[in-house]
Amino acid sequence: MNIIIIEDELRTAKSLENLILKSKPGAKIIGQYQSVESSVEALSDGVQPDLIFMDVQLADGLCFEIFKSVQVTCPVVFCTAYDEYSLEAFKSNGVDYVLKPFSKDDIAEALKKVDQLKNFFQQKTVPNLEELLTKLNPSSGKTSFLVFKNQKYTTVQTDTIAFFCIRNDSTYIICFDKQEFVLTQSLDQITSAVSSKQFFRVNRQYLVNFKAIKEVEHYFLRKLYVKLVLETPDKLLINKEKSHAFLTWMEDR
């Protein structure tokens with residue numbers, strides 16, 4: 001199996017190459033590219049991989065720009081730091097993903113899925129680009145929420161929301177001006193609806209706005225302690241497994 005890696009972080013690309021070769025010794029890495037431009041150039045010049053491992057965000061833009069410029073006829077496994085809810089778009093299009101930081105098991109499972117879907121991929125089916133862009137474009141996402149309070153319906157603009165949280169089995173909106181509203185949606189549904197660029201699910205109870213984060217500290221057991229501009233009744237801790245994805249999200253501005 002001939003594989004190319006499209007990843008702008010050289011250290012990550014090398015780690016990915018090692019994990020691929022350990023999981024599939026018969027594989028051959030025939031190319032590594034760091035940008036949309038270099039990837040399009042290589043694919044246009046006749047590079048014909050059987051599989052592509054592709055980072056979502058490259059040095060010169062989103063990887064989906066590649067699909068606009070050149071026809072990709074092989075399966076793609078996306079590597080990304082986005083949280084699991086945004087990645088549902090990939091699942092619905094029959095394309096697998098590995099979430100950074102990935103492990104040998106993650107890569108092995110992705111390769112196994114590609115083998116299982118071999119017949120599907122032989123039809124040269126590529127991802128539905130427009131659907132992926134719509135679901136994953138950081139500018140997309142719900143811009144307001146309809147709420148009911150004091151016997152009246154009103155809308156709350158998403159930009160005014162500091163965080164969403166679960167309290168007493170109900171989902172609440174907490175705005176920067178400290179107004180609170182109850183929602184009928186679950187926190188899972190809200191996480192899927194808002195922009196993954198703007199909000200991060202720090203734990204099972206809290207979904208926070210980037211603009212609401214005041215500072216982040218290291219905590220016991222390699223956890224992160226997130227402090228917001230508003231006080232929260234609970235200490236917001238991010239476990240070590242999610243810390244890397246959170247810091248990557250913080251840096252990706």
# chains A, B, ... in the order shown; residues from 1 in each chain; ligands from 1
$ residues_around --residues "Thr248 of chain A" --least-positions-apart "6" --cutoff "12 Å" --atoms "only C-alpha atoms" --output "VMD selection string"
chain A and resid 57 80 to 83 99 to 101 197 200 242
$ select_by_dssp --residues "segment 14-206 of chain A" --states "alpha helix (DSSP H)" --output "mmCIF file with N, CA and C atoms, in the first residue's frame"
data_model
loop_
_atom_site.group_PDB
_atom_site.id
_atom_site.type_symbol
_atom_site.label_atom_id
_atom_site.label_comp_id
_atom_site.auth_asym_id
_atom_site.auth_seq_id
_atom_site.Cartn_x
_atom_site.Cartn_y
_atom_site.Cartn_z
ATOM 1 N N LYS A 14 6.600 12.687 11.160
ATOM 2 C CA LYS A 14 7.543 11.593 11.374
ATOM 3 C C LYS A 14 6.968 10.554 12.329
ATOM 4 N N SER A 15 6.328 11.025 13.391
ATOM 5 C CA SER A 15 5.696 10.113 14.345
ATOM 6 C C SER A 15 4.610 9.302 13.667
ATOM 7 N N LEU A 16 3.812 9.972 12.824
ATOM 8 C CA LEU A 16 2.743 9.293 12.098
ATOM 9 C C LEU A 16 3.315 8.239 11.159
ATOM 10 N N GLU A 17 4.403 8.575 10.472
ATOM 11 C CA GLU A 17 5.048 7.615 9.565
ATOM 12 C C GLU A 17 5.491 6.364 10.319
ATOM 13 N N ASN A 18 6.119 6.564 11.478
ATOM 14 C CA ASN A 18 6.596 5.418 12.265
ATOM 15 C C ASN A 18 5.446 4.530 12.718
ATOM 16 N N LEU A 19 4.344 5.149 13.134
ATOM 17 C CA LEU A 19 3.196 4.379 13.607
ATOM 18 C C LEU A 19 2.528 3.612 12.464
ATOM 19 N N ILE A 20 2.474 4.227 11.304
ATOM 20 C CA ILE A 20 1.885 3.557 10.136
ATOM 21 C C ILE A 20 2.700 2.325 9.770
ATOM 22 N N LEU A 21 4.016 2.483 9.724
ATOM 23 C CA LEU A 21 4.883 1.373 9.319
ATOM 24 C C LEU A 21 4.908 0.254 10.363
ATOM 25 N N LYS A 22 4.726 0.608 11.616
ATOM 26 C CA LYS A 22 4.651 -0.412 12.659
ATOM 27 C C LYS A 22 3.330 -1.179 12.557
ATOM 28 N N SER A 23 2.261 -0.468 12.225
ATOM 29 C CA SER A 23 0.946 -1.094 12.146
ATOM 30 C C SER A 23 0.760 -1.866 10.838
ATOM 31 N N VAL A 36 -1.159 22.966 1.451
ATOM 32 C CA VAL A 36 -2.147 22.741 0.395
ATOM 33 C C VAL A 36 -1.462 22.821 -0.966
ATOM 34 N N GLU A 37 -0.633 23.845 -1.137
ATOM 35 C CA GLU A 37 0.025 24.079 -2.428
ATOM 36 C C GLU A 37 0.902 22.906 -2.842
ATOM 37 N N SER A 38 1.763 22.440 -1.933
ATOM 38 C CA SER A 38 2.670 21.341 -2.289
ATOM 39 C C SER A 38 1.912 20.039 -2.511
ATOM 40 N N SER A 39 0.821 19.849 -1.769
ATOM 41 C CA SER A 39 0.011 18.637 -1.931
ATOM 42 C C SER A 39 -0.677 18.625 -3.284
ATOM 43 N N VAL A 40 -1.255 19.764 -3.671
ATOM 44 C CA VAL A 40 -1.923 19.874 -4.965
ATOM 45 C C VAL A 40 -0.922 19.660 -6.097
ATOM 46 N N GLU A 41 0.259 20.234 -5.941
ATOM 47 C CA GLU A 41 1.297 20.087 -6.967
ATOM 48 C C GLU A 41 1.688 18.624 -7.144
ATOM 49 N N ALA A 42 1.879 17.919 -6.018
ATOM 50 C CA ALA A 42 2.284 16.514 -6.095
ATOM 51 C C ALA A 42 1.193 15.649 -6.711
ATOM 52 N N LEU A 43 -0.034 15.837 -6.272
ATOM 53 C CA LEU A 43 -1.144 15.043 -6.786
ATOM 54 C C LEU A 43 -1.423 15.360 -8.253
ATOM 55 N N SER A 44 -1.204 16.604 -8.648
ATOM 56 C CA SER A 44 -1.405 16.998 -10.047
ATOM 57 C C SER A 44 -0.320 16.425 -10.944
ATOM 58 N N PHE A 64 -9.218 20.965 2.888
ATOM 59 C CA PHE A 64 -10.302 20.755 1.934
ATOM 60 C C PHE A 64 -10.092 21.541 0.635
ATOM 61 N N GLU A 65 -9.196 22.545 0.689
ATOM 62 C CA GLU A 65 -8.869 23.279 -0.534
ATOM 63 C C GLU A 65 -8.216 22.359 -1.556
ATOM 64 N N ILE A 66 -7.557 21.305 -1.072
ATOM 65 C CA ILE A 66 -6.911 20.356 -1.977
ATOM 66 C C ILE A 66 -7.942 19.720 -2.904
ATOM 67 N N PHE A 67 -9.101 19.357 -2.321
ATOM 68 C CA PHE A 67 -10.141 18.683 -3.091
ATOM 69 C C PHE A 67 -10.729 19.590 -4.169
ATOM 70 N N LYS A 68 -10.636 20.898 -3.963
ATOM 71 C CA LYS A 68 -11.155 21.839 -4.950
ATOM 72 C C LYS A 68 -10.242 21.949 -6.166
ATOM 73 N N SER A 69 -8.958 21.646 -5.938
ATOM 74 C CA SER A 69 -7.974 21.857 -6.995
ATOM 75 C C SER A 69 -7.578 20.604 -7.756
ATOM 76 N N GLU A 88 -17.955 14.192 13.476
ATOM 77 C CA GLU A 88 -19.070 13.379 12.988
ATOM 78 C C GLU A 88 -19.258 13.566 11.488
ATOM 79 N N ALA A 89 -18.850 14.731 10.988
ATOM 80 C CA ALA A 89 -18.972 14.991 9.548
ATOM 81 C C ALA A 89 -18.165 13.987 8.743
ATOM 82 N N PHE A 90 -17.002 13.613 9.244
ATOM 83 C CA PHE A 90 -16.174 12.646 8.547
ATOM 84 C C PHE A 90 -16.826 11.267 8.570
ATOM 85 N N LYS A 91 -17.379 10.896 9.704
ATOM 86 C CA LYS A 91 -17.993 9.577 9.825
ATOM 87 C C LYS A 91 -19.149 9.429 8.832
ATOM 88 N N SER A 92 -19.936 10.466 8.722
ATOM 89 C CA SER A 92 -21.118 10.379 7.856
ATOM 90 C C SER A 92 -20.746 10.258 6.395
ATOM 91 N N LYS A 104 -0.551 4.357 18.591
ATOM 92 C CA LYS A 104 -0.396 3.256 17.649
ATOM 93 C C LYS A 104 -1.730 2.560 17.423
ATOM 94 N N ASP A 105 -2.525 2.404 18.494
ATOM 95 C CA ASP A 105 -3.836 1.761 18.373
ATOM 96 C C ASP A 105 -4.766 2.565 17.473
ATOM 97 N N ASP A 106 -4.699 3.908 17.573
ATOM 98 C CA ASP A 106 -5.540 4.766 16.729
ATOM 99 C C ASP A 106 -5.224 4.543 15.241
ATOM 100 N N ILE A 107 -3.917 4.509 14.929
ATOM 101 C CA ILE A 107 -3.498 4.341 13.537
ATOM 102 C C ILE A 107 -3.855 2.946 13.035
ATOM 103 N N ALA A 108 -3.621 1.946 13.883
ATOM 104 C CA ALA A 108 -3.943 0.570 13.502
ATOM 105 C C ALA A 108 -5.430 0.410 13.224
ATOM 106 N N GLU A 109 -6.256 1.043 14.048
ATOM 107 C CA GLU A 109 -7.710 0.962 13.871
ATOM 108 C C GLU A 109 -8.132 1.664 12.583
ATOM 109 N N ALA A 110 -7.504 2.792 12.282
ATOM 110 C CA ALA A 110 -7.826 3.514 11.048
ATOM 111 C C ALA A 110 -7.461 2.682 9.817
ATOM 112 N N LEU A 111 -6.295 2.060 9.864
ATOM 113 C CA LEU A 111 -5.873 1.225 8.745
ATOM 114 C C LEU A 111 -6.783 0.007 8.586
ATOM 115 N N LYS A 112 -7.226 -0.524 9.708
ATOM 116 C CA LYS A 112 -8.144 -1.665 9.671
ATOM 117 C C LYS A 112 -9.458 -1.261 9.011
ATOM 118 N N LYS A 113 -9.937 -0.076 9.334
ATOM 119 C CA LYS A 113 -11.192 0.379 8.753
ATOM 120 C C LYS A 113 -11.046 0.586 7.248
ATOM 121 N N VAL A 114 -9.906 1.119 6.834
ATOM 122 C CA VAL A 114 -9.671 1.313 5.405
ATOM 123 C C VAL A 114 -9.713 -0.027 4.667
ATOM 124 N N ASP A 115 -9.092 -1.043 5.257
ATOM 125 C CA ASP A 115 -9.119 -2.377 4.646
ATOM 126 C C ASP A 115 -10.549 -2.913 4.547
ATOM 127 N N GLN A 116 -11.327 -2.683 5.610
ATOM 128 C CA GLN A 116 -12.707 -3.176 5.634
ATOM 129 C C GLN A 116 -13.573 -2.470 4.604
ATOM 130 N N LYS A 118 -12.517 -1.389 1.708
ATOM 131 C CA LYS A 118 -11.778 -1.406 0.448
ATOM 132 C C LYS A 118 -12.697 -1.368 -0.768
ATOM 133 N N ASN A 119 -13.740 -2.148 -0.738
ATOM 134 C CA ASN A 119 -14.665 -2.180 -1.876
ATOM 135 C C ASN A 119 -15.320 -0.828 -2.099
ATOM 136 N N PHE A 120 -15.643 -0.170 -0.982
ATOM 137 C CA PHE A 120 -16.250 1.160 -1.079
ATOM 138 C C PHE A 120 -15.299 2.145 -1.732
ATOM 139 N N PHE A 121 -14.037 2.115 -1.286
ATOM 140 C CA PHE A 121 -13.066 3.067 -1.803
ATOM 141 C C PHE A 121 -12.668 2.776 -3.243
ATOM 142 N N LEU A 129 -17.339 17.351 -0.160
ATOM 143 C CA LEU A 129 -16.570 18.510 0.250
ATOM 144 C C LEU A 129 -17.440 19.619 0.823
ATOM 145 N N GLU A 130 -18.537 19.909 0.158
ATOM 146 C CA GLU A 130 -19.375 21.015 0.613
ATOM 147 C C GLU A 130 -19.930 20.737 2.011
ATOM 148 N N GLU A 131 -20.327 19.470 2.248
ATOM 149 C CA GLU A 131 -20.872 19.132 3.566
ATOM 150 C C GLU A 131 -19.807 19.235 4.638
ATOM 151 N N LEU A 132 -18.584 18.782 4.303
ATOM 152 C CA LEU A 132 -17.496 18.863 5.268
ATOM 153 C C LEU A 132 -17.167 20.314 5.584
ATOM 154 N N LEU A 133 -17.109 21.136 4.576
ATOM 155 C CA LEU A 133 -16.796 22.550 4.787
ATOM 156 C C LEU A 133 -17.870 23.225 5.629
ATOM 157 N N THR A 134 -19.118 22.895 5.360
ATOM 158 C CA THR A 134 -20.216 23.491 6.110
ATOM 159 C C THR A 134 -20.156 23.125 7.576
ATOM 160 N N LYS A 135 -19.842 21.844 7.851
ATOM 161 C CA LYS A 135 -19.860 21.372 9.230
ATOM 162 C C LYS A 135 -18.613 21.752 10.011
ATOM 163 N N LEU A 136 -17.447 21.863 9.287
ATOM 164 C CA LEU A 136 -16.196 22.071 9.999
ATOM 165 C C LEU A 136 -15.600 23.458 9.858
ATOM 166 N N LEU A 187 -26.336 19.180 26.326
ATOM 167 C CA LEU A 187 -25.032 19.786 26.081
ATOM 168 C C LEU A 187 -24.344 19.133 24.879
ATOM 169 N N ASP A 188 -24.624 17.874 24.651
ATOM 170 C CA ASP A 188 -24.084 17.197 23.463
ATOM 171 C C ASP A 188 -24.615 17.849 22.179
ATOM 172 N N GLN A 189 -25.914 18.126 22.168
ATOM 173 C CA GLN A 189 -26.526 18.747 20.990
ATOM 174 C C GLN A 189 -25.976 20.151 20.763
ATOM 175 N N ILE A 190 -25.781 20.882 21.845
ATOM 176 C CA ILE A 190 -25.254 22.253 21.736
ATOM 177 C C ILE A 190 -23.821 22.226 21.227
ATOM 178 N N THR A 191 -23.037 21.293 21.740
ATOM 179 C CA THR A 191 -21.641 21.177 21.312
ATOM 180 C C THR A 191 -21.555 20.938 19.811
ATOM 181 N N SER A 192 -22.460 20.141 19.286
ATOM 182 C CA SER A 192 -22.476 19.855 17.853
ATOM 183 C C SER A 192 -22.932 21.053 17.040
ATOM 184 N N ALA A 193 -23.735 21.929 17.656
ATOM 185 C CA ALA A 193 -24.348 23.038 16.913
ATOM 186 C C ALA A 193 -23.463 24.280 16.838
#
$ closest_residue --among "A:Val147, A:Leu117, A:Ala212, A:Ala245" --to "Thr160 of chain A" --atoms "only C-alpha atoms"
A:Ala212
$ atom_distance --atom1 "atom CA of Pro233 of chain A" --atom2 "atom CA of Ile174 of chain A"
11.9 Å
$ residues_around --residues "Val226 of chain A" --least-positions-apart "4" --cutoff "9 Å" --atoms "only C-alpha atoms" --output "PyMOL selection string"
chain A and resi 202+213-218+235-238
$ write_last_selection --atoms "N, CA, C and O atoms" --output "short mmCIF file (atom, residue, chain, number, x, y, z; two decimals), in the first residue's frame"
data_model
loop_
_atom_site.label_atom_id
_atom_site.label_comp_id
_atom_site.auth_asym_id
_atom_site.auth_seq_id
_atom_site.Cartn_x
_atom_site.Cartn_y
_atom_site.Cartn_z
N VAL A 202 -14.85 21.41 27.84
CA VAL A 202 -13.75 21.12 28.76
C VAL A 202 -13.98 19.85 29.58
O VAL A 202 -13.04 19.17 29.96
N ILE A 213 -12.25 32.68 28.58
CA ILE A 213 -11.12 32.10 29.31
C ILE A 213 -10.15 33.19 29.75
O ILE A 213 -9.64 33.96 28.94
N LYS A 214 -9.93 33.25 31.05
CA LYS A 214 -9.03 34.26 31.63
C LYS A 214 -7.59 33.74 31.66
O LYS A 214 -6.67 34.43 31.24
N GLU A 215 -7.39 32.53 32.17
CA GLU A 215 -6.07 31.94 32.24
C GLU A 215 -6.18 30.44 32.46
O GLU A 215 -7.24 29.94 32.86
N VAL A 216 -5.09 29.74 32.21
CA VAL A 216 -5.05 28.29 32.38
C VAL A 216 -3.81 27.93 33.19
O VAL A 216 -2.72 28.42 32.91
N GLU A 217 -3.99 27.06 34.18
CA GLU A 217 -2.87 26.66 35.03
C GLU A 217 -2.69 25.14 34.99
O GLU A 217 -3.64 24.40 34.76
N HIS A 218 -1.45 24.72 35.24
CA HIS A 218 -1.20 23.29 35.41
C HIS A 218 -1.76 22.86 36.77
O HIS A 218 -1.72 23.61 37.74
N LYS A 235 -14.89 23.87 39.80
CA LYS A 235 -13.54 24.08 39.28
C LYS A 235 -13.45 23.38 37.93
O LYS A 235 -13.73 22.19 37.80
N LEU A 236 -13.07 24.12 36.90
CA LEU A 236 -13.02 23.58 35.55
C LEU A 236 -11.67 22.91 35.31
O LEU A 236 -10.65 23.57 35.13
N LEU A 237 -11.67 21.59 35.31
CA LEU A 237 -10.45 20.81 35.12
C LEU A 237 -10.53 20.01 33.82
O LEU A 237 -11.57 19.45 33.49
N ILE A 238 -9.43 19.98 33.10
CA ILE A 238 -9.33 19.19 31.87
C ILE A 238 -8.34 18.06 32.13
O ILE A 238 -7.21 18.30 32.56
#
$ residues_around --residues "Gly31 of chain A" --least-positions-apart "3" --cutoff "12 Å" --atoms "only C-alpha atoms" --output "VMD selection string"
chain A and resid 2 to 7 13 to 14 17 28 34 38 to 39 41 to 43 46 to 54
$ select_by_dssp --residues "segment 32-225 of chain A" --states "strand (DSSP E)" --output "number ranges by chain"
A: 32-33, 51-55, 57-58, 61-62, 76-80, 97-99, 144-149, 152-157, 161-167, 170-175, 180-183, 199-201, 206-209, 213-218, 224-225
$ atom_distance --atom1 "atom CA of Phe148 of chain A" --atom2 "atom CA of Leu183 of chain A"
8.2 Å
$ residues_around --residues "Asp234 of chain A" --least-positions-apart "3" --cutoff "10 Å" --atoms "only C-alpha atoms" --output "list of chain:residue names"
A:Gln205, A:Tyr206, A:Glu231, A:Leu237
